[in-house]
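One structure is given below, encoded as structure tokens.
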Amino acid sequence: VTVVFNGVTDIEKTICSVINQTYKNIEYIIIDGGSIDGTIDIIKKYEKSISYFISEKDNGIYDAMNKGIKRATGRWVNFMNAGDLFDSSTVLQELSEAFTPGIRILRGNIIRIYPKFKVKSVGVTSQNPTLLDMFNNTFHHQACLIETSLFNDFGFYSIDYKLCSDWKFFFDCIIFHKVKSKYINLTIAHFKMNGASSNNSI
């Protein structure tokens with residue numbers, strides 16, 4: 001799922017990052033918030049590779065992500081929003097080979113992209129995260145494959161929070177619902193540090 005709003009400078013790279021994966025069993029969903037900057041024209045260039053696309057006003061990032069989840073028919077969902085990129089064309093293939101029985105969230109690393117430098121971020125690396133682990137850190141949604149049924153079991157992203165609903169979702173899954181996850185030391189995605197959450201980290 002790719003969520004975008006007026007992302008004309010970023011959306012094409014994100015789309016190509018997804019459709020050029022060697023793993024081809026992908027249902028690609030793009031949720032646009034009503035862009036007026038040329039984003040939609042770029043998306044339409046790749047419409048043959050996109051399973052579902054809609055452009056309409058929404059109630060923020062998490063509302064748009066929830067729309068994507070509700071359209072998804074596959075077992076696993078990943079959020080590669082505008083400006084995010086897979087680390088390589090083989091990432092999804094490597095992830096598909098890393099599953100073990102009972103795992104409902106598979107997670108790896110991201111590279112944070114700043115204007116003049118890059119930083120690797122691993123998030124929570126414990127295979128059995130504790131309350132303290134989840135308070136101190138999180139899973140990066142760009143670097144996760146999440147079993148789609150988790151959202152039906154425990155609820156969608158809350159739109160009451162503008163920036164931290166993905167953290168809350170992972171926290172609830174791990175601490176309250178004892179969901180099994182697996183960390184692998186693999187860089188999954190590059191995350192451009194100019195979005196809403198990175199600009200409001202304090």
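Residues in the structure tokens are named by chain (A, B, ... in the order shown) and by number from 1 within that chain; ligands are numbered from 1 in the order shown.
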**Item:** All residues 10 Å or closer to range 189-191 of chain A, only C-alpha atoms, same chain fewer than 6 positions away omitted, as a list of chain:residue names
**Value:**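 Returned residues: A:Ser17, A:Met80, A:Asn81, A:Ala82, A:Gly83, A:Asp84, A:Leu85, A:Phe86, A:Asp87, A:Ser88, A:Val91, A:Gly108, A:Asn109, A:Ile110, A:Ile111, A:Arg112, A:Ile113, A:Tyr114, A:Lys118, A:Val119, A:Lys120, A:Ser121, A:His140, A:His141, A:Gln142, A:Ala143, A:Cys144, A:Ser198.
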Contacts of Thr73 in chain A at 12 Å (only C-alpha atoms; same-chain gap of 5+ positions) as an mmCIF file with N, CA, C and O atoms, in the first residue's frame:
```cif
data_model
loop_
_atom_site.group_PDB
_atom_site.id
_atom_site.type_symbol
_atom_site.label_atom_id
_atom_site.label_comp_id
_atom_site.auth_asym_id
_atom_site.auth_seq_id
_atom_site.Cartn_x
_atom_site.Cartn_y
_atom_site.Cartn_z
ATOM 1 N N VAL A 1 0.846 -1.188 0.000
ATOM 2 C CA VAL A 1 0.000 0.000 0.000
ATOM 3 C C VAL A 1 0.885 1.243 0.000
ATOM 4 O O VAL A 1 1.810 1.349 0.804
ATOM 5 N N ASN A 25 4.143 -11.667 -6.744
ATOM 6 C CA ASN A 25 2.789 -11.901 -6.232
ATOM 7 C C ASN A 25 2.368 -10.721 -5.363
ATOM 8 O O ASN A 25 2.181 -10.838 -4.157
ATOM 9 N N ILE A 26 2.236 -9.578 -6.007
ATOM 10 C CA ILE A 26 1.974 -8.311 -5.316
ATOM 11 C C ILE A 26 0.642 -7.734 -5.782
ATOM 12 O O ILE A 26 0.365 -7.646 -6.981
ATOM 13 N N GLU A 27 -0.174 -7.329 -4.826
ATOM 14 C CA GLU A 27 -1.361 -6.536 -5.095
ATOM 15 C C GLU A 27 -1.011 -5.107 -4.687
ATOM 16 O O GLU A 27 -0.863 -4.822 -3.497
ATOM 17 N N TYR A 28 -0.844 -4.231 -5.660
ATOM 18 C CA TYR A 28 -0.362 -2.875 -5.366
ATOM 19 C C TYR A 28 -1.530 -1.910 -5.294
ATOM 20 O O TYR A 28 -2.273 -1.726 -6.263
ATOM 21 N N ILE A 29 -1.678 -1.266 -4.133
ATOM 22 C CA ILE A 29 -2.785 -0.354 -3.850
ATOM 23 C C ILE A 29 -2.221 1.035 -3.578
ATOM 24 O O ILE A 29 -1.307 1.186 -2.764
ATOM 25 N N SER A 51 -3.045 -2.414 -8.805
ATOM 26 C CA SER A 51 -4.261 -3.215 -8.638
ATOM 27 C C SER A 51 -5.471 -2.349 -8.305
ATOM 28 O O SER A 51 -6.587 -2.644 -8.730
ATOM 29 N N TYR A 52 -5.242 -1.301 -7.513
ATOM 30 C CA TYR A 52 -6.340 -0.440 -7.098
ATOM 31 C C TYR A 52 -5.790 0.948 -6.820
ATOM 32 O O TYR A 52 -4.747 1.102 -6.187
ATOM 33 N N GLY A 68 -6.417 1.578 2.523
ATOM 34 C CA GLY A 68 -5.609 0.597 1.811
ATOM 35 C C GLY A 68 -5.763 -0.792 2.391
ATOM 36 O O GLY A 68 -5.884 -1.784 1.656
ATOM 37 N N GLU A 147 0.519 -9.268 9.056
ATOM 38 C CA GLU A 147 -0.580 -10.126 8.644
ATOM 39 C C GLU A 147 -1.856 -9.284 8.623
ATOM 40 O O GLU A 147 -2.242 -8.679 9.634
ATOM 41 N N THR A 148 -2.498 -9.233 7.467
ATOM 42 C CA THR A 148 -3.648 -8.348 7.271
ATOM 43 C C THR A 148 -4.752 -8.615 8.283
ATOM 44 O O THR A 148 -5.444 -7.689 8.728
ATOM 45 N N SER A 149 -4.891 -9.874 8.689
ATOM 46 C CA SER A 149 -5.956 -10.238 9.628
ATOM 47 C C SER A 149 -5.790 -9.590 11.000
ATOM 48 O O SER A 149 -6.762 -9.510 11.778
#
```
**Message:** I'd like the neighbourhood of Pro101 in chain A as JSON, numbers by chain, where a residue qualifies if any of its atoms comes within 12 Å (using only C-alpha atoms), though same-chain residues fewer than 3 positions away should be ignored.
**Reply:** {"A": [97, 98, 104, 105, 106, 180, 181, 182]}
**Request:** Return the single residue from A:Asp32, A:Glu47, A:Asp37, A:Asp172 that is closest to Phe135 in chain A, with distances computed using only C-alpha atoms.
**Result:**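 Between A:Asp32, A:Glu47, A:Asp37, A:Asp172, the residue approaching Phe135 in chain A most closely is A:Asp172.
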**Item:** In range 55-113 of chain A, DSSP alpha helix (DSSP H) residues written as a PyMOL selection string
**Value:** chain A and resi 61-71+91-96
Give me a file of those residues, with all heavy atoms, as a compact mmCIF listing (two decimals), in the first residue's frame.
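Output saved as out_34.txt:
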```txt
# COMPACT_ATOMS: atom_id res chain seq x y z
N ILE A 61 -3.12 10.65 7.28
CA ILE A 61 -2.32 9.51 6.87
C ILE A 61 -2.94 8.19 7.29
O ILE A 61 -3.05 7.25 6.49
CB ILE A 61 -0.90 9.63 7.47
CG1 ILE A 61 -0.17 10.84 6.89
CG2 ILE A 61 -0.10 8.35 7.23
CD1 ILE A 61 1.13 11.17 7.60
N TYR A 62 -3.37 8.09 8.53
CA TYR A 62 -3.86 6.81 9.03
C TYR A 62 -5.22 6.44 8.45
O TYR A 62 -5.52 5.26 8.25
CB TYR A 62 -3.88 6.80 10.56
CG TYR A 62 -2.48 6.92 11.11
CD1 TYR A 62 -2.07 8.05 11.81
CD2 TYR A 62 -1.55 5.90 10.90
CE1 TYR A 62 -0.77 8.16 12.30
CE2 TYR A 62 -0.25 6.00 11.39
CZ TYR A 62 0.13 7.14 12.09
OH TYR A 62 1.41 7.24 12.56
N ASP A 63 -6.03 7.43 8.17
CA ASP A 63 -7.29 7.17 7.48
C ASP A 63 -7.00 6.58 6.10
O ASP A 63 -7.64 5.60 5.68
CB ASP A 63 -8.09 8.46 7.36
CG ASP A 63 -9.45 8.26 6.71
OD1 ASP A 63 -10.08 7.21 6.94
OD2 ASP A 63 -9.89 9.15 5.96
N ALA A 64 -6.03 7.16 5.41
CA ALA A 64 -5.65 6.66 4.09
C ALA A 64 -5.07 5.25 4.17
O ALA A 64 -5.38 4.38 3.35
CB ALA A 64 -4.65 7.62 3.44
N MET A 65 -4.23 5.00 5.18
CA MET A 65 -3.67 3.66 5.35
C MET A 65 -4.76 2.64 5.64
O MET A 65 -4.74 1.52 5.12
CB MET A 65 -2.60 3.68 6.44
CG MET A 65 -1.35 4.45 6.03
SD MET A 65 -0.18 4.79 7.38
CE MET A 65 0.54 3.18 7.67
N ASN A 66 -5.75 3.04 6.44
CA ASN A 66 -6.87 2.14 6.72
C ASN A 66 -7.65 1.81 5.45
O ASN A 66 -8.12 0.68 5.26
CB ASN A 66 -7.81 2.77 7.75
CG ASN A 66 -7.23 2.76 9.15
OD1 ASN A 66 -6.33 1.98 9.46
ND2 ASN A 66 -7.75 3.64 10.01
N LYS A 67 -7.82 2.80 4.57
CA LYS A 67 -8.50 2.53 3.30
C LYS A 67 -7.75 1.48 2.51
O LYS A 67 -8.36 0.60 1.88
CB LYS A 67 -8.60 3.82 2.48
CG LYS A 67 -9.58 4.84 3.01
CD LYS A 67 -9.61 6.07 2.10
CE LYS A 67 -10.54 7.14 2.63
NZ LYS A 67 -10.55 8.33 1.75
N GLY A 68 -6.42 1.58 2.52
CA GLY A 68 -5.61 0.60 1.81
C GLY A 68 -5.76 -0.79 2.39
O GLY A 68 -5.88 -1.78 1.66
N ILE A 69 -5.76 -0.88 3.71
CA ILE A 69 -5.92 -2.18 4.38
C ILE A 69 -7.26 -2.81 3.99
O ILE A 69 -7.34 -4.01 3.70
CB ILE A 69 -5.86 -2.01 5.91
CG1 ILE A 69 -4.49 -1.50 6.35
CG2 ILE A 69 -6.18 -3.33 6.62
CD1 ILE A 69 -4.46 -0.95 7.78
N LYS A 70 -8.30 -2.01 3.98
CA LYS A 70 -9.64 -2.53 3.70
C LYS A 70 -9.78 -3.01 2.25
O LYS A 70 -10.65 -3.85 1.95
CB LYS A 70 -10.69 -1.46 4.01
CG LYS A 70 -10.81 -1.19 5.51
CD LYS A 70 -11.70 0.02 5.82
CE LYS A 70 -11.71 0.30 7.32
NZ LYS A 70 -12.50 1.52 7.66
N ARG A 71 -8.94 -2.50 1.36
CA ARG A 71 -8.97 -2.95 -0.04
C ARG A 71 -8.08 -4.17 -0.27
O ARG A 71 -8.24 -4.88 -1.26
CB ARG A 71 -8.49 -1.83 -0.96
CG ARG A 71 -9.37 -0.63 -1.04
CD ARG A 71 -10.74 -0.91 -1.61
NE ARG A 71 -10.74 -1.67 -2.85
CZ ARG A 71 -11.79 -1.81 -3.66
NH1 ARG A 71 -12.94 -1.23 -3.34
NH2 ARG A 71 -11.73 -2.53 -4.77
N VAL A 91 14.10 -7.46 -2.11
CA VAL A 91 13.70 -7.42 -0.70
C VAL A 91 12.48 -8.30 -0.42
O VAL A 91 12.47 -9.10 0.54
CB VAL A 91 13.43 -5.98 -0.25
CG1 VAL A 91 12.64 -5.96 1.05
CG2 VAL A 91 14.72 -5.23 -0.06
N LEU A 92 11.43 -8.18 -1.21
CA LEU A 92 10.22 -8.95 -0.92
C LEU A 92 10.46 -10.45 -1.10
O LEU A 92 9.89 -11.26 -0.37
CB LEU A 92 9.06 -8.48 -1.80
CG LEU A 92 8.47 -7.13 -1.43
CD1 LEU A 92 7.28 -6.79 -2.34
CD2 LEU A 92 8.01 -7.10 0.02
N GLN A 93 11.31 -10.82 -2.04
CA GLN A 93 11.66 -12.23 -2.19
C GLN A 93 12.39 -12.73 -0.95
O GLN A 93 12.10 -13.82 -0.45
CB GLN A 93 12.53 -12.42 -3.43
CG GLN A 93 12.87 -13.88 -3.72
CD GLN A 93 11.64 -14.72 -4.00
OE1 GLN A 93 10.75 -14.30 -4.75
NE2 GLN A 93 11.55 -15.88 -3.38
N GLU A 94 13.31 -11.93 -0.45
CA GLU A 94 14.05 -12.32 0.76
C GLU A 94 13.12 -12.41 1.96
O GLU A 94 13.24 -13.32 2.79
CB GLU A 94 15.17 -11.32 1.03
CG GLU A 94 16.28 -11.34 -0.02
CD GLU A 94 17.33 -10.28 0.22
OE1 GLU A 94 18.16 -10.47 1.12
OE2 GLU A 94 17.30 -9.25 -0.49
N LEU A 95 12.17 -11.48 2.07
CA LEU A 95 11.21 -11.54 3.16
C LEU A 95 10.33 -12.78 3.06
O LEU A 95 10.03 -13.43 4.07
CB LEU A 95 10.34 -10.29 3.16
CG LEU A 95 10.97 -9.00 3.71
CD1 LEU A 95 10.04 -7.82 3.48
CD2 LEU A 95 11.28 -9.14 5.19
N SER A 96 9.92 -13.11 1.86
CA SER A 96 9.04 -14.27 1.68
C SER A 96 9.71 -15.56 2.10
O SER A 96 9.02 -16.54 2.44
CB SER A 96 8.59 -14.37 0.22
OG SER A 96 9.64 -14.82 -0.62
```
**Message:** Env of Phe176 in chain A: 12 Å cut, atoms = only C-alpha atoms, seq-sep filter 2 positions within chain, self excluded. Answer as an MDAnalysis selection string.
**Reply:** chainID A and resid 129:131 134 154 168:174 178:180
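Compared by their closest atoms to His177 in chain A, and using only C-alpha atoms, the residues A:Ile19, A:Tyr46, A:Tyr157, A:Leu150 rank with A:Leu150 nearest.
With only C-alpha atoms as the atoms that count, the residue of A:Glu56, A:Trp167, A:Arg107, A:Trp76 with the shortest distance to Tyr183 in chain A is A:Arg107.
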**Item:** Test item, strand (DSSP E or B) assignment across range 2-166 of chain A, answer as a VMD selection string
**Value:** chain A and resid 2 to 4 29 to 32 52 to 55 76 to 77 85 to 86 105 to 113 118 to 121 144 to 147
Contact table range 23-128 of chain A vs range 6-12 of chain A, cut-off 8 Å, shortest pair per residue, only C-alpha atoms, as a tab-separated table:
```
residue	atom	partner	partner_atom	distance
A:Gly33	CA	A:Asn6	CA	7.9
A:Gly34	CA	A:Asn6	CA	7.8
A:Ser35	CA	A:Asn6	CA	4.6
A:Ile36	CA	A:Asn6	CA	6.4
A:Asp37	CA	A:Asn6	CA	5.5
A:Gly38	CA	A:Val8	CA	5.8
A:Thr39	CA	A:Val8	CA	4.4
A:Ile42	CA	A:Glu12	CA	6.5
A:Ile43	CA	A:Glu12	CA	7.3
A:Ala82	CA	A:Ile11	CA	5.0
A:Gly83	CA	A:Asp10	CA	4.8
```
